[in-house]
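Trainee: Here it is: the structure, laid out below.
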Amino acid sequence: MVKVLTLCLTISLLCANAQQFPFEFWHDGRAVLDTRDTLRGKIKYDPQNDMIQVEIQSRFESYTSRKVIFYEIFDQSLDNYRQFYTLPYSVSGGYKTPTFFELLTEGKITLLSKEAVEYRSSNAGFFYGNISRLVLVHNYFLLREDGSILRVTGSKNEFLSLMGSREKEIRDYMKENRLGLERKIDIIRVINYYNSLFSK
C-alpha cells in the first residue's frame with residue numbers, strides 16, 4: 001500500500017513540474033510594428049525578455065518591445081483574445097524602457113498585467129517534505145490618466161490609497177464581495193467597479 005501511495009505521489013509531482021505555460025505555445029495573432037506594418041501569423045511571446053517571435057509562412061522573425069507597438073493573440077488555453085501594448089516603464093524608478101503589458105480592463109484607471117515564472121515552495125507530504133516548483137504569477141499595474149504606471153504590491157491598504165476619494169467605496173465593495181488582490185478576476189472586478197463610479 002505504501003509503495004502504491006509513493007508511486008502515485010511521485011507521478012503527481014512529475015506532472016506538476018511538467019506544467020506548461022501560455023508563453024510556451026504558438027498562438028494565432030497579429031503584431032503592429034513601430035513602422036506601422038502589421039504582421040499576421042503564429043506568435044510566441046517571451047515575458048521574461050519582452051520579446052515576441054512571429055511565424056509567417058514558415059519564416060521566423062523576432063522582435064523586442066522596442067520594435068512592437070501592440071500585439072494580440074488568441075490564447076486557446078483561455079479561449080480568449082489577449083492584447084499587449086508597449087508602454088514606457090521604469091523598474092527601479094530611473095530610465096524608462098519600452099515594456100510589454102497585457103491590457104486587462106481600461107477606464108479612468110487601466111489595469112495591466114505582466115506574467116512571470118517563479119519558484120514556489122509547497123508541502124509534498126510526509127515522505128517528501130517541501131518541494132519547489134515553477135508557477136506562473138501575474139504582476140498587476142495601474143495606468144493612471146496622467147500616464148504614470150504604478151505596480152500593485154499586494155498590500156490592500158496601499159492599493160486602496162490609490163483609489164483617492166473613492167477609497168471607502170472600494171473598501172466596502174471588496175469586503176461585501178469578498179474580493180482580494182491575488183486573483184485576476186477579483187482585481188478586474190474591483191477596477192471595473194471603480195471605473196463605473198465615474199460613468200454615472
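By convention here, the chains of the C-alpha cells are called A, B, ... in the order presented, each chain's residues are numbered starting at 1, and ligands are numbered starting at 1 in the order presented.
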May I have the residues within 7 Å of A:Val135 as a list of chain:residue names, using only C-alpha atoms and disregarding those fewer than 2 positions away in the same chain?
Mentor: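 So, after excluding close chain neighbours, the residues are A:Val117, A:Glu118, A:Tyr119, A:Arg120, A:Arg133, A:Val137.
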Trainee: So that I can see what lies close to A:Phe141, please list as a list in words the residues with an atom at most 10 Å from it, counting only C-alpha atoms and leaving out residues fewer than 6 positions away in the same chain.
Mentor: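 The residues satisfying every condition are Phe101, Glu102, Leu103, Leu104, Ile109, Thr110, Leu111, Leu112, Ser113, Lys114, Ser148, Ile149, Leu150, Arg151, Val152 and Thr153 of chain A.
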Trainee: For the selection you just gave me, I'd like the residues written to a file as an mmCIF file, in the first residue's frame, keeping N, CA and C atoms.
Mentor:
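Now in part.cif:
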```cif
data_model
loop_
_atom_site.group_PDB
_atom_site.id
_atom_site.type_symbol
_atom_site.label_atom_id
_atom_site.label_comp_id
_atom_site.auth_asym_id
_atom_site.auth_seq_id
_atom_site.Cartn_x
_atom_site.Cartn_y
_atom_site.Cartn_z
ATOM 1 N N PHE A 101 2.936 45.142 -21.718
ATOM 2 C CA PHE A 101 1.938 44.953 -20.672
ATOM 3 C C PHE A 101 0.682 44.359 -21.307
ATOM 4 N N GLU A 102 0.059 43.431 -20.619
ATOM 5 C CA GLU A 102 -1.232 42.917 -21.079
ATOM 6 C C GLU A 102 -2.331 43.828 -20.558
ATOM 7 N N LEU A 103 -3.251 44.209 -21.437
ATOM 8 C CA LEU A 103 -4.399 45.022 -21.052
ATOM 9 C C LEU A 103 -5.480 44.112 -20.488
ATOM 10 N N LEU A 104 -5.896 44.372 -19.244
ATOM 11 C CA LEU A 104 -6.953 43.568 -18.629
ATOM 12 C C LEU A 104 -8.292 44.287 -18.643
ATOM 13 N N ILE A 109 -8.962 54.387 -14.586
ATOM 14 C CA ILE A 109 -7.733 53.652 -14.263
ATOM 15 C C ILE A 109 -7.732 52.409 -15.136
ATOM 16 N N THR A 110 -6.604 52.138 -15.780
ATOM 17 C CA THR A 110 -6.470 50.962 -16.645
ATOM 18 C C THR A 110 -5.635 49.917 -15.913
ATOM 19 N N LEU A 111 -6.129 48.686 -15.927
ATOM 20 C CA LEU A 111 -5.438 47.594 -15.252
ATOM 21 C C LEU A 111 -4.590 46.827 -16.257
ATOM 22 N N LEU A 112 -3.308 46.695 -15.929
ATOM 23 C CA LEU A 112 -2.349 45.995 -16.773
ATOM 24 C C LEU A 112 -1.762 44.817 -15.996
ATOM 25 N N SER A 113 -1.135 43.913 -16.745
ATOM 26 C CA SER A 113 -0.532 42.739 -16.108
ATOM 27 C C SER A 113 0.740 42.343 -16.837
ATOM 28 N N LYS A 114 1.647 41.739 -16.090
ATOM 29 C CA LYS A 114 2.845 41.108 -16.671
ATOM 30 C C LYS A 114 2.993 39.733 -16.038
ATOM 31 N N SER A 148 1.180 57.740 -15.708
ATOM 32 C CA SER A 148 2.062 57.033 -14.768
ATOM 33 C C SER A 148 1.576 55.603 -14.575
ATOM 34 N N ILE A 149 2.530 54.695 -14.385
ATOM 35 C CA ILE A 149 2.227 53.278 -14.176
ATOM 36 C C ILE A 149 2.703 52.896 -12.789
ATOM 37 N N LEU A 150 1.789 52.397 -11.969
ATOM 38 C CA LEU A 150 2.100 52.019 -10.595
ATOM 39 C C LEU A 150 1.904 50.529 -10.411
ATOM 40 N N ARG A 151 2.865 49.874 -9.792
ATOM 41 C CA ARG A 151 2.739 48.442 -9.534
ATOM 42 C C ARG A 151 1.857 48.200 -8.318
ATOM 43 N N VAL A 152 0.961 47.218 -8.425
ATOM 44 C CA VAL A 152 0.126 46.806 -7.293
ATOM 45 C C VAL A 152 0.942 45.800 -6.502
ATOM 46 N N THR A 153 1.298 46.166 -5.273
ATOM 47 C CA THR A 153 2.228 45.345 -4.487
ATOM 48 C C THR A 153 1.560 44.173 -3.780
#
```
Trainee: Find the residue from A:Leu136, A:Val190, A:Ile69, A:Ala31 that sits nearest to A:Thr99; use only C-alpha atoms when measuring.
Mentor: A:Ile69
Trainee: Hey, can you check how far atom CA of A:Asp50 sits from atom CA of A:Ala116?
Mentor: 11.0 Å
Trainee: Write out as a list in words the residues lying within 12 Å of A:Val54, counting only C-alpha atoms and excluding same-chain residues fewer than 6 positions away.
Mentor: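 These residues fall inside the cut-off: Phe25, Trp26, His27, Asp28, Gly29, Arg30, Ala31, Val32, Leu33, Thr38, Leu39, Arg40, Gly41, Lys42, Ile43, Lys44, Tyr45, Asp46, Phe60, Glu61, Ser62, Tyr63, Thr64, Val68, Tyr71, Glu72 and Ile73 of chain A.
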Trainee: Write a file of the just-selected residues containing C-alpha atoms, as a PDB file, in the first residue's frame.
Mentor:
```pdb
ATOM      1  CA  PHE A  25       2.844  27.839 -27.145  1.00  0.00           C
ATOM      2  CA  TRP A  26       2.316  29.399 -30.549  1.00  0.00           C
ATOM      3  CA  HIS A  27      -0.872  31.470 -30.799  1.00  0.00           C
ATOM      4  CA  ASP A  28      -2.748  32.861 -33.782  1.00  0.00           C
ATOM      5  CA  GLY A  29      -2.374  36.622 -33.708  1.00  0.00           C
ATOM      6  CA  ARG A  30      -1.115  39.861 -35.153  1.00  0.00           C
ATOM      7  CA  ALA A  31       1.553  42.385 -34.247  1.00  0.00           C
ATOM      8  CA  VAL A  32       1.813  46.070 -35.168  1.00  0.00           C
ATOM      9  CA  LEU A  33       5.409  47.237 -35.514  1.00  0.00           C
ATOM     10  CA  THR A  38       1.024  44.668 -39.352  1.00  0.00           C
ATOM     11  CA  LEU A  39       2.224  41.071 -39.214  1.00  0.00           C
ATOM     12  CA  ARG A  40      -0.295  38.219 -39.050  1.00  0.00           C
ATOM     13  CA  GLY A  41       0.588  34.645 -38.191  1.00  0.00           C
ATOM     14  CA  LYS A  42       1.603  32.496 -35.250  1.00  0.00           C
ATOM     15  CA  ILE A  43       3.012  34.406 -32.273  1.00  0.00           C
ATOM     16  CA  LYS A  44       5.018  33.134 -29.341  1.00  0.00           C
ATOM     17  CA  TYR A  45       5.751  35.624 -26.577  1.00  0.00           C
ATOM     18  CA  ASP A  46       8.575  35.761 -24.046  1.00  0.00           C
ATOM     19  CA  PHE A  60      10.501  33.136 -38.089  1.00  0.00           C
ATOM     20  CA  GLU A  61      11.179  36.711 -37.017  1.00  0.00           C
ATOM     21  CA  SER A  62      11.926  38.039 -33.522  1.00  0.00           C
ATOM     22  CA  TYR A  63      11.028  41.486 -32.231  1.00  0.00           C
ATOM     23  CA  THR A  64      11.733  43.235 -28.943  1.00  0.00           C
ATOM     24  CA  VAL A  68       6.428  46.474 -31.426  1.00  0.00           C
ATOM     25  CA  TYR A  71       0.217  42.603 -30.390  1.00  0.00           C
ATOM     26  CA  GLU A  72      -2.843  40.436 -29.944  1.00  0.00           C
ATOM     27  CA  ILE A  73      -3.110  36.671 -29.605  1.00  0.00           C
TER      28      ILE A  73
END
```
Trainee: Do a neighbour search on A:Met163 at 10 Å with only C-alpha atoms, toss out local chain neighbours closer than 5 positions, and write the hits as a ChimeraX atom specification.
Mentor: /A:109,158,168-171,191,194
Trainee: Please report, as a PyMOL selection string, each residue of stretch 33-179 of chain A to which DSSP assigns strand (DSSP E) when run on this structure's backbone.
Mentor: chain A and resi 33+38-46+51-56+59-64+68-75+80-89+97-105+110-123+130-143+149-152
Trainee: Report the residues of stretch 11-121 of chain A whose backbone DSSP state falls under alpha helix (DSSP H), written as a PyMOL selection string.
Mentor: chain A and resi 11-17
Trainee: Export N, CA and C atoms of the chosen residues as an mmCIF file, in the first residue's frame?
Mentor:
```cif
data_model
loop_
_atom_site.group_PDB
_atom_site.id
_atom_site.type_symbol
_atom_site.label_atom_id
_atom_site.label_comp_id
_atom_site.auth_asym_id
_atom_site.auth_seq_id
_atom_site.Cartn_x
_atom_site.Cartn_y
_atom_site.Cartn_z
ATOM 1 N N ILE A 11 4.242 10.400 -9.340
ATOM 2 C CA ILE A 11 3.646 10.739 -10.640
ATOM 3 C C ILE A 11 2.991 12.109 -10.591
ATOM 4 N N SER A 12 2.275 12.405 -9.499
ATOM 5 C CA SER A 12 1.617 13.714 -9.406
ATOM 6 C C SER A 12 2.636 14.838 -9.317
ATOM 7 N N LEU A 13 3.767 14.597 -8.645
ATOM 8 C CA LEU A 13 4.817 15.617 -8.559
ATOM 9 C C LEU A 13 5.447 15.862 -9.921
ATOM 10 N N LEU A 14 5.669 14.792 -10.679
ATOM 11 C CA LEU A 14 6.238 14.932 -12.016
ATOM 12 C C LEU A 14 5.302 15.703 -12.928
ATOM 13 N N CYS A 15 4.008 15.420 -12.806
ATOM 14 C CA CYS A 15 3.016 16.130 -13.630
ATOM 15 C C CYS A 15 2.974 17.608 -13.259
ATOM 16 N N ALA A 16 3.079 17.895 -11.959
ATOM 17 C CA ALA A 16 3.053 19.293 -11.516
ATOM 18 C C ALA A 16 4.249 20.044 -12.057
ATOM 19 N N ASN A 17 5.411 19.390 -12.058
ATOM 20 C CA ASN A 17 6.615 20.044 -12.537
ATOM 21 C C ASN A 17 6.652 20.149 -14.057
#
```
Trainee: Between A:Glu55, A:Glu115, A:Asp79, A:Asp34, which is the closest to A:Lys67 once you count only C-alpha atoms?
Mentor: A:Asp34
Trainee: Using only C-alpha atoms, which of the listed residues (A:Arg166, A:Arg66, A:Arg59, A:Lys175) sits closest to A:Phe100?
Mentor: A:Arg66
Trainee: Using only C-alpha atoms, determine which residues lie at most 10 Å from A:Tyr193, disregarding the query and same-chain residues fewer than 3 positions distant; provide the list as number ranges by chain.
Mentor: A: 169-170, 173-174, 187-190, 196-198
Trainee: Store the residues picked out above in a file with N, CA and C atoms, as a PDB file, in the first residue's frame.
Mentor:
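Final file, out06.pdb:
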```
ATOM      1  N   GLU A 169     -15.555  53.588  -0.712  1.00  0.00           N
ATOM      2  CA  GLU A 169     -16.478  52.832  -1.556  1.00  0.00           C
ATOM      3  C   GLU A 169     -15.829  51.540  -2.067  1.00  0.00           C
ATOM      4  N   ILE A 170     -14.553  51.639  -2.441  1.00  0.00           N
ATOM      5  CA  ILE A 170     -13.853  50.457  -2.943  1.00  0.00           C
ATOM      6  C   ILE A 170     -13.620  49.459  -1.818  1.00  0.00           C
ATOM      7  N   TYR A 173     -16.878  47.728  -1.191  1.00  0.00           N
ATOM      8  CA  TYR A 173     -17.194  46.825  -2.307  1.00  0.00           C
ATOM      9  C   TYR A 173     -16.371  45.540  -2.203  1.00  0.00           C
ATOM     10  N   MET A 174     -15.086  45.673  -1.901  1.00  0.00           N
ATOM     11  CA  MET A 174     -14.216  44.498  -1.777  1.00  0.00           C
ATOM     12  C   MET A 174     -14.660  43.616  -0.611  1.00  0.00           C
ATOM     13  N   ILE A 187      -9.376  41.341  -9.052  1.00  0.00           N
ATOM     14  CA  ILE A 187      -8.844  42.699  -9.240  1.00  0.00           C
ATOM     15  C   ILE A 187      -9.478  43.371 -10.460  1.00  0.00           C
ATOM     16  N   ILE A 188      -9.833  42.575 -11.477  1.00  0.00           N
ATOM     17  CA  ILE A 188     -10.553  43.145 -12.631  1.00  0.00           C
ATOM     18  C   ILE A 188     -11.913  43.675 -12.184  1.00  0.00           C
ATOM     19  N   ARG A 189     -12.607  42.916 -11.354  1.00  0.00           N
ATOM     20  CA  ARG A 189     -13.922  43.356 -10.854  1.00  0.00           C
ATOM     21  C   ARG A 189     -13.803  44.650 -10.060  1.00  0.00           C
ATOM     22  N   VAL A 190     -12.770  44.738  -9.227  1.00  0.00           N
ATOM     23  CA  VAL A 190     -12.575  45.935  -8.402  1.00  0.00           C
ATOM     24  C   VAL A 190     -12.334  47.159  -9.288  1.00  0.00           C
ATOM     25  N   SER A 196     -16.662  52.381 -12.992  1.00  0.00           N
ATOM     26  CA  SER A 196     -18.107  52.609 -13.152  1.00  0.00           C
ATOM     27  C   SER A 196     -18.589  53.782 -12.305  1.00  0.00           C
ATOM     28  N   LEU A 197     -17.859  54.084 -11.229  1.00  0.00           N
ATOM     29  CA  LEU A 197     -18.265  55.186 -10.365  1.00  0.00           C
ATOM     30  C   LEU A 197     -18.132  56.537 -11.067  1.00  0.00           C
ATOM     31  N   PHE A 198     -17.333  56.592 -12.137  1.00  0.00           N
ATOM     32  CA  PHE A 198     -17.112  57.831 -12.861  1.00  0.00           C
ATOM     33  C   PHE A 198     -17.934  57.929 -14.132  1.00  0.00           C
TER      34      PHE A 198
END
```
Trainee: What is the distance, in Å and to one decimal place, between atom CA of A:Asn195 and atom CA of A:Leu160?
Mentor: 14.0 Å
